[in-house]
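K.L.:
Attaching a single structure in structure tokens format; questions to follow.
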Amino acid sequence: MLSALNAPGCRRHPWLLLLPKEEREGGGGSGGGVGQRQSQQRAGGGSSMPRAGCKSAGSWSKGTGGPEPGQISLVVFIGLLFTRFWFFSILYSIWWYLDQDKPRQGGRCSKALQSWVMWKHMRDYFPISLVKTAELDPSRNYLAGFHPQGIMAPGAFVNLCTESTGFSSLFPGIRPHLIMLPFWFRVPFFREYLMMGGLVTSDKESIAHILNRKGGGNLAAIIIGGAQEALNARPGAYTLLLRNRKGFIKLALLHGAALVPMFSFGENDLFDQVENSPGSWLRWIQDKLQKTTSFSFPLFHGRGIFQYSFGFIPYRQPITTVVGKPIAVQKTLNPSQEEVDQLHQRYIKELCDLFEAHKLKYNVPIDQHLDFC
């Protein structure tokens with residue numbers, strides 16, 4: 001795969017100007033540059049791993065070493081109350097109250113925001129690409145399952161919430177909506193930014209609103225593994241939290257929405273994570289926090305700007321999101337457990353087939369298979 005730096009027509013990410021010359025020329029991916037350095041570092045074993053930082057993996061919106069956009073929005077909102085511009089926060093509070101149901105009613109997607117040149121720089125840093133394997137009929141609505149979660153899910157965001165990888169060109173007439181925890185839509189100002197990117201809340205009525213839209217052409221994408229799966233995210237990991245995740249299957253049956261499996265190769269390769277195998281004291285604490293807060297707190301690290309051993313900038317590894325063929329679903333108002341289980345097994349089979357058909361193209365060992373928990 002060509003690197004983002006050497007690919008024709010690609011623009012350089014501003015961060016790349018700060019990187020060492022050999023990496024700027026080598027590019028990302030498995031062909032050289034930082035990819036080789038990462039392999040050497042990991043081969044040395046876990047004993048030399050630097051002390052990792054801790055951040056929440058509840059959302060793609062996390063920064064790489066700086067304040068989150070949500071935190072900044074909250075600080076601005078509160079800060080304005082103590083200035084002569086306090087009335088802006090008051091007016092926004094009124095608007096917020098009147099508009100509180102919008103995130104559950106499809107949001108307000110903005111093509112202008114989704115087409116920002118900034119997203120192309122983000123795409124080129126890794127780089128990120130989108131692969132189509134089948135047509136999606138724009139007269140139908142779809143429920144897509146995105147795998148895996150990874151730490152921050154940049155593949156899901158860049159491919160589904162921006163136009164940098166050409167989603168609308170690959171799937172004309174389809175409007176994607178990425179599902180996100182309702183908490184983030186309670187953050188002032190930040191909620192507007194999320195909705196403009198096509199994100200909506202994970203409430204059942206929110207997903208139902210998208211899947212029941214007349215005329216078709218709507219796709220609701222759910223990161224099935226969610227925050228809990230982020231605790232398994234590390235380079236070379238292919239364990240998906242799916243065995244007992246059947247709620248999205250029932251939603252598809254209730255609304256007659258076709259299921260679309262999506263697998264994002266490279267999503268788990270962006271950060272190293274402190275060993276937290278099931279049964280360890282660290283995993284026990286992380287599981288308790290995740291059940292209490294709905295967020296997970298993986299201890300992870302990436303790289304810095306001038307060195308490769310520690311930092312919160314993700315490694316420059318290619319991410320390729322492959323969209324599988326849709327699975328036709330018959331609308332069933334009261335699906336039985338047997339019907340849910342049958343469709344769930346079929347979905348897993350289609351996801352496995354998608355992974356097996358494409359894994360060799362993206363440097364996954366031939367004897368590597370998906371594992372479900």
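The chains in the structure tokens are called A, B, ... from first to last as shown; in each chain the residues are counted from 1, and the ligands are counted from 1 in the order shown.
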Neighbouring residues of stretch 354-368 of chain A were defined as those with any atom within 9 Å, considering only C-alpha atoms; residues of the same chain fewer than 3 positions away were excluded. Please report them as number ranges by chain.

P.N.:
A: 1, 30, 236, 238, 261-263, 265-266, 318, 320, 322-325, 349-351

K.L.:
Find the nearest atom pair between each residue of stretch 77-158 of chain A and stretch 182-192 of chain A for residues within 10 Å, count only C-alpha atoms, give distances in Å to one decimal, sort rows by chain and ascending number, and present the table as a tab-separated table.

P.N.:
residue	atom	partner	partner_atom	distance
A:Phe77	CA	A:Pro188	CA	6.7
A:Ile78	CA	A:Pro188	CA	9.5
A:Ser89	CA	A:Pro188	CA	9.0
A:Tyr92	CA	A:Pro188	CA	8.1
A:Ser93	CA	A:Pro188	CA	8.2
A:Trp96	CA	A:Pro188	CA	7.7
A:Gln100	CA	A:Arg186	CA	8.6
A:Lys102	CA	A:Phe185	CA	9.7
A:Pro103	CA	A:Phe185	CA	7.1
A:Arg104	CA	A:Pro182	CA	9.0
A:Gly107	CA	A:Glu192	CA	8.7
A:Arg108	CA	A:Glu192	CA	8.2
A:Cys109	CA	A:Glu192	CA	9.5

K.L.:
Write down as a list in words the residues belonging to stretch 105-232 of chain A that are assigned strand (DSSP E) by DSSP computed on the backbone.

P.N.:
Ile128, Ser129, Leu130, Val131, Lys132, Tyr142, Leu143, Ala144, Gly145, Phe146, His147, Arg175, Pro176, His177, Leu178, Ile179, Met180, Leu199, Val200, Thr201, Asn218, Leu219, Ala220, Ala221, Ile222 and Ile223 of chain A

K.L.:
Using N, CA and C atoms, can you export the residues from the last selection as a PDB file, in the first residue's frame?

P.N.:
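File result20.pdb, as written:
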ATOM      1  N   ILE A 128      -5.910   6.393   5.950  1.00  0.00           N
ATOM      2  CA  ILE A 128      -7.174   5.681   6.107  1.00  0.00           C
ATOM      3  C   ILE A 128      -7.850   5.557   4.743  1.00  0.00           C
ATOM      4  N   SER A 129      -8.404   4.387   4.465  1.00  0.00           N
ATOM      5  CA  SER A 129      -9.102   4.184   3.194  1.00  0.00           C
ATOM      6  C   SER A 129     -10.368   3.367   3.418  1.00  0.00           C
ATOM      7  N   LEU A 130     -11.267   3.464   2.454  1.00  0.00           N
ATOM      8  CA  LEU A 130     -12.567   2.785   2.511  1.00  0.00           C
ATOM      9  C   LEU A 130     -12.701   1.886   1.294  1.00  0.00           C
ATOM     10  N   VAL A 131     -13.077   0.622   1.522  1.00  0.00           N
ATOM     11  CA  VAL A 131     -13.185  -0.366   0.436  1.00  0.00           C
ATOM     12  C   VAL A 131     -14.625  -0.855   0.330  1.00  0.00           C
ATOM     13  N   LYS A 132     -15.141  -0.830  -0.867  1.00  0.00           N
ATOM     14  CA  LYS A 132     -16.513  -1.276  -1.148  1.00  0.00           C
ATOM     15  C   LYS A 132     -16.478  -2.669  -1.768  1.00  0.00           C
ATOM     16  N   TYR A 142     -30.251   0.785   6.288  1.00  0.00           N
ATOM     17  CA  TYR A 142     -29.288  -0.225   6.714  1.00  0.00           C
ATOM     18  C   TYR A 142     -28.835  -0.003   8.156  1.00  0.00           C
ATOM     19  N   LEU A 143     -28.490  -1.121   8.796  1.00  0.00           N
ATOM     20  CA  LEU A 143     -27.881  -1.094  10.118  1.00  0.00           C
ATOM     21  C   LEU A 143     -26.518  -1.768   9.989  1.00  0.00           C
ATOM     22  N   ALA A 144     -25.458  -0.991  10.142  1.00  0.00           N
ATOM     23  CA  ALA A 144     -24.105  -1.507   9.957  1.00  0.00           C
ATOM     24  C   ALA A 144     -23.434  -1.770  11.290  1.00  0.00           C
ATOM     25  N   GLY A 145     -22.699  -2.867  11.362  1.00  0.00           N
ATOM     26  CA  GLY A 145     -21.898  -3.180  12.530  1.00  0.00           C
ATOM     27  C   GLY A 145     -20.437  -2.913  12.212  1.00  0.00           C
ATOM     28  N   PHE A 146     -19.806  -2.045  12.997  1.00  0.00           N
ATOM     29  CA  PHE A 146     -18.407  -1.687  12.757  1.00  0.00           C
ATOM     30  C   PHE A 146     -17.513  -2.439  13.742  1.00  0.00           C
ATOM     31  N   HIS A 147     -16.456  -3.061  13.224  1.00  0.00           N
ATOM     32  CA  HIS A 147     -15.524  -3.842  14.050  1.00  0.00           C
ATOM     33  C   HIS A 147     -14.095  -3.552  13.597  1.00  0.00           C
ATOM     34  N   ARG A 175     -26.842   7.950   3.311  1.00  0.00           N
ATOM     35  CA  ARG A 175     -26.447   8.924   4.332  1.00  0.00           C
ATOM     36  C   ARG A 175     -26.045   8.181   5.609  1.00  0.00           C
ATOM     37  N   PRO A 176     -24.758   8.163   5.942  1.00  0.00           N
ATOM     38  CA  PRO A 176     -24.311   7.430   7.136  1.00  0.00           C
ATOM     39  C   PRO A 176     -24.492   8.233   8.415  1.00  0.00           C
ATOM     40  N   HIS A 177     -24.826   7.533   9.483  1.00  0.00           N
ATOM     41  CA  HIS A 177     -24.927   8.136  10.817  1.00  0.00           C
ATOM     42  C   HIS A 177     -24.193   7.224  11.792  1.00  0.00           C
ATOM     43  N   LEU A 178     -23.178   7.758  12.451  1.00  0.00           N
ATOM     44  CA  LEU A 178     -22.448   6.980  13.443  1.00  0.00           C
ATOM     45  C   LEU A 178     -23.107   7.165  14.807  1.00  0.00           C
ATOM     46  N   ILE A 179     -23.326   6.059  15.492  1.00  0.00           N
ATOM     47  CA  ILE A 179     -24.010   6.076  16.778  1.00  0.00           C
ATOM     48  C   ILE A 179     -23.004   6.379  17.895  1.00  0.00           C
ATOM     49  N   MET A 180     -23.416   7.233  18.848  1.00  0.00           N
ATOM     50  CA  MET A 180     -22.520   7.666  19.913  1.00  0.00           C
ATOM     51  C   MET A 180     -23.279   7.746  21.235  1.00  0.00           C
ATOM     52  N   LEU A 199     -23.282  12.379  13.536  1.00  0.00           N
ATOM     53  CA  LEU A 199     -23.415  11.506  14.697  1.00  0.00           C
ATOM     54  C   LEU A 199     -24.758  11.710  15.374  1.00  0.00           C
ATOM     55  N   VAL A 200     -25.302  10.632  15.915  1.00  0.00           N
ATOM     56  CA  VAL A 200     -26.573  10.670  16.637  1.00  0.00           C
ATOM     57  C   VAL A 200     -26.433   9.829  17.890  1.00  0.00           C
ATOM     58  N   THR A 201     -27.387   9.947  18.807  1.00  0.00           N
ATOM     59  CA  THR A 201     -27.296   9.227  20.072  1.00  0.00           C
ATOM     60  C   THR A 201     -27.611   7.739  19.884  1.00  0.00           C
ATOM     61  N   ASN A 218     -30.591   5.507   4.267  1.00  0.00           N
ATOM     62  CA  ASN A 218     -30.020   5.848   5.570  1.00  0.00           C
ATOM     63  C   ASN A 218     -29.267   4.647   6.133  1.00  0.00           C
ATOM     64  N   LEU A 219     -28.114   4.918   6.728  1.00  0.00           N
ATOM     65  CA  LEU A 219     -27.297   3.861   7.322  1.00  0.00           C
ATOM     66  C   LEU A 219     -26.917   4.273   8.740  1.00  0.00           C
ATOM     67  N   ALA A 220     -27.332   3.478   9.718  1.00  0.00           N
ATOM     68  CA  ALA A 220     -26.949   3.692  11.111  1.00  0.00           C
ATOM     69  C   ALA A 220     -25.816   2.734  11.431  1.00  0.00           C
ATOM     70  N   ALA A 221     -24.657   3.272  11.796  1.00  0.00           N
ATOM     71  CA  ALA A 221     -23.478   2.448  12.071  1.00  0.00           C
ATOM     72  C   ALA A 221     -23.214   2.388  13.565  1.00  0.00           C
ATOM     73  N   ILE A 222     -23.136   1.175  14.092  1.00  0.00           N
ATOM     74  CA  ILE A 222     -22.884   0.960  15.516  1.00  0.00           C
ATOM     75  C   ILE A 222     -21.537   0.272  15.683  1.00  0.00           C
ATOM     76  N   ILE A 223     -20.681   0.823  16.548  1.00  0.00           N
ATOM     77  CA  ILE A 223     -19.438   0.132  16.899  1.00  0.00           C
ATOM     78  C   ILE A 223     -19.820  -0.905  17.949  1.00  0.00           C
TER      79      ILE A 223
END

K.L.:
So what do you get for atom CA of A:Ser164 versus atom CA of A:Lys120, distance-wise?

P.N.:
5.1 Å

K.L.:
Hey, can you check how far atom CA of A:Leu160 sits from atom CA of A:Gly197?

P.N.:
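So the two atoms, atom CA of A:Leu160 and atom CA of A:Gly197, lie 8.7 Å apart.
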
K.L.:
Using only C-alpha atoms, which residues sit within 9 Å of A:Ala257 once same-chain residues fewer than 2 positions away are excluded, as a PyMOL selection string?

P.N.:
chain A and resi 140-143+211-212+251-255+259+327-331

K.L.:
Give me, please, the distance in Å between atom CA of A:Thr239 and atom CA of A:Asp269, quoted to one decimal.

P.N.:
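A separation of 13.1 Å between them.
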
K.L.:
Based on the backbone DSSP call, show me all residues of stretch 169-254 of chain A assigned alpha helix (DSSP H), as a list of chain:residue names.

P.N.:
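The residues of stretch 169-254 of chain A classed as alpha helix (DSSP H) are A:Ser169, A:Leu170, A:Phe190, A:Arg191, A:Glu192, A:Tyr193, A:Leu194, A:Met195, A:Met196, A:Lys204, A:Glu205, A:Ser206, A:Ile207, A:Ala208, A:His209, A:Ile210, A:Leu211, A:Gly226, A:Ala227, A:Gln228, A:Glu229, A:Gly247, A:Phe248, A:Ile249, A:Lys250, A:Leu251, A:Ala252, A:Leu253, A:Leu254.
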
K.L.:
A:Pro314, A:Pro326, A:Gly256, A:Gly106: which is nearest A:Glu135, counting only C-alpha atoms?

P.N.:
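Between A:Pro314, A:Pro326, A:Gly256, A:Gly106, the residue approaching A:Glu135 most closely is A:Pro326.
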
K.L.:
For A:Gln317, which of A:Phe171, A:Tyr125, A:Trp119, A:Phe88 is the closest residue, counting only C-alpha atoms?

P.N.:
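Selected residue with least distance to A:Gln317: A:Tyr125.
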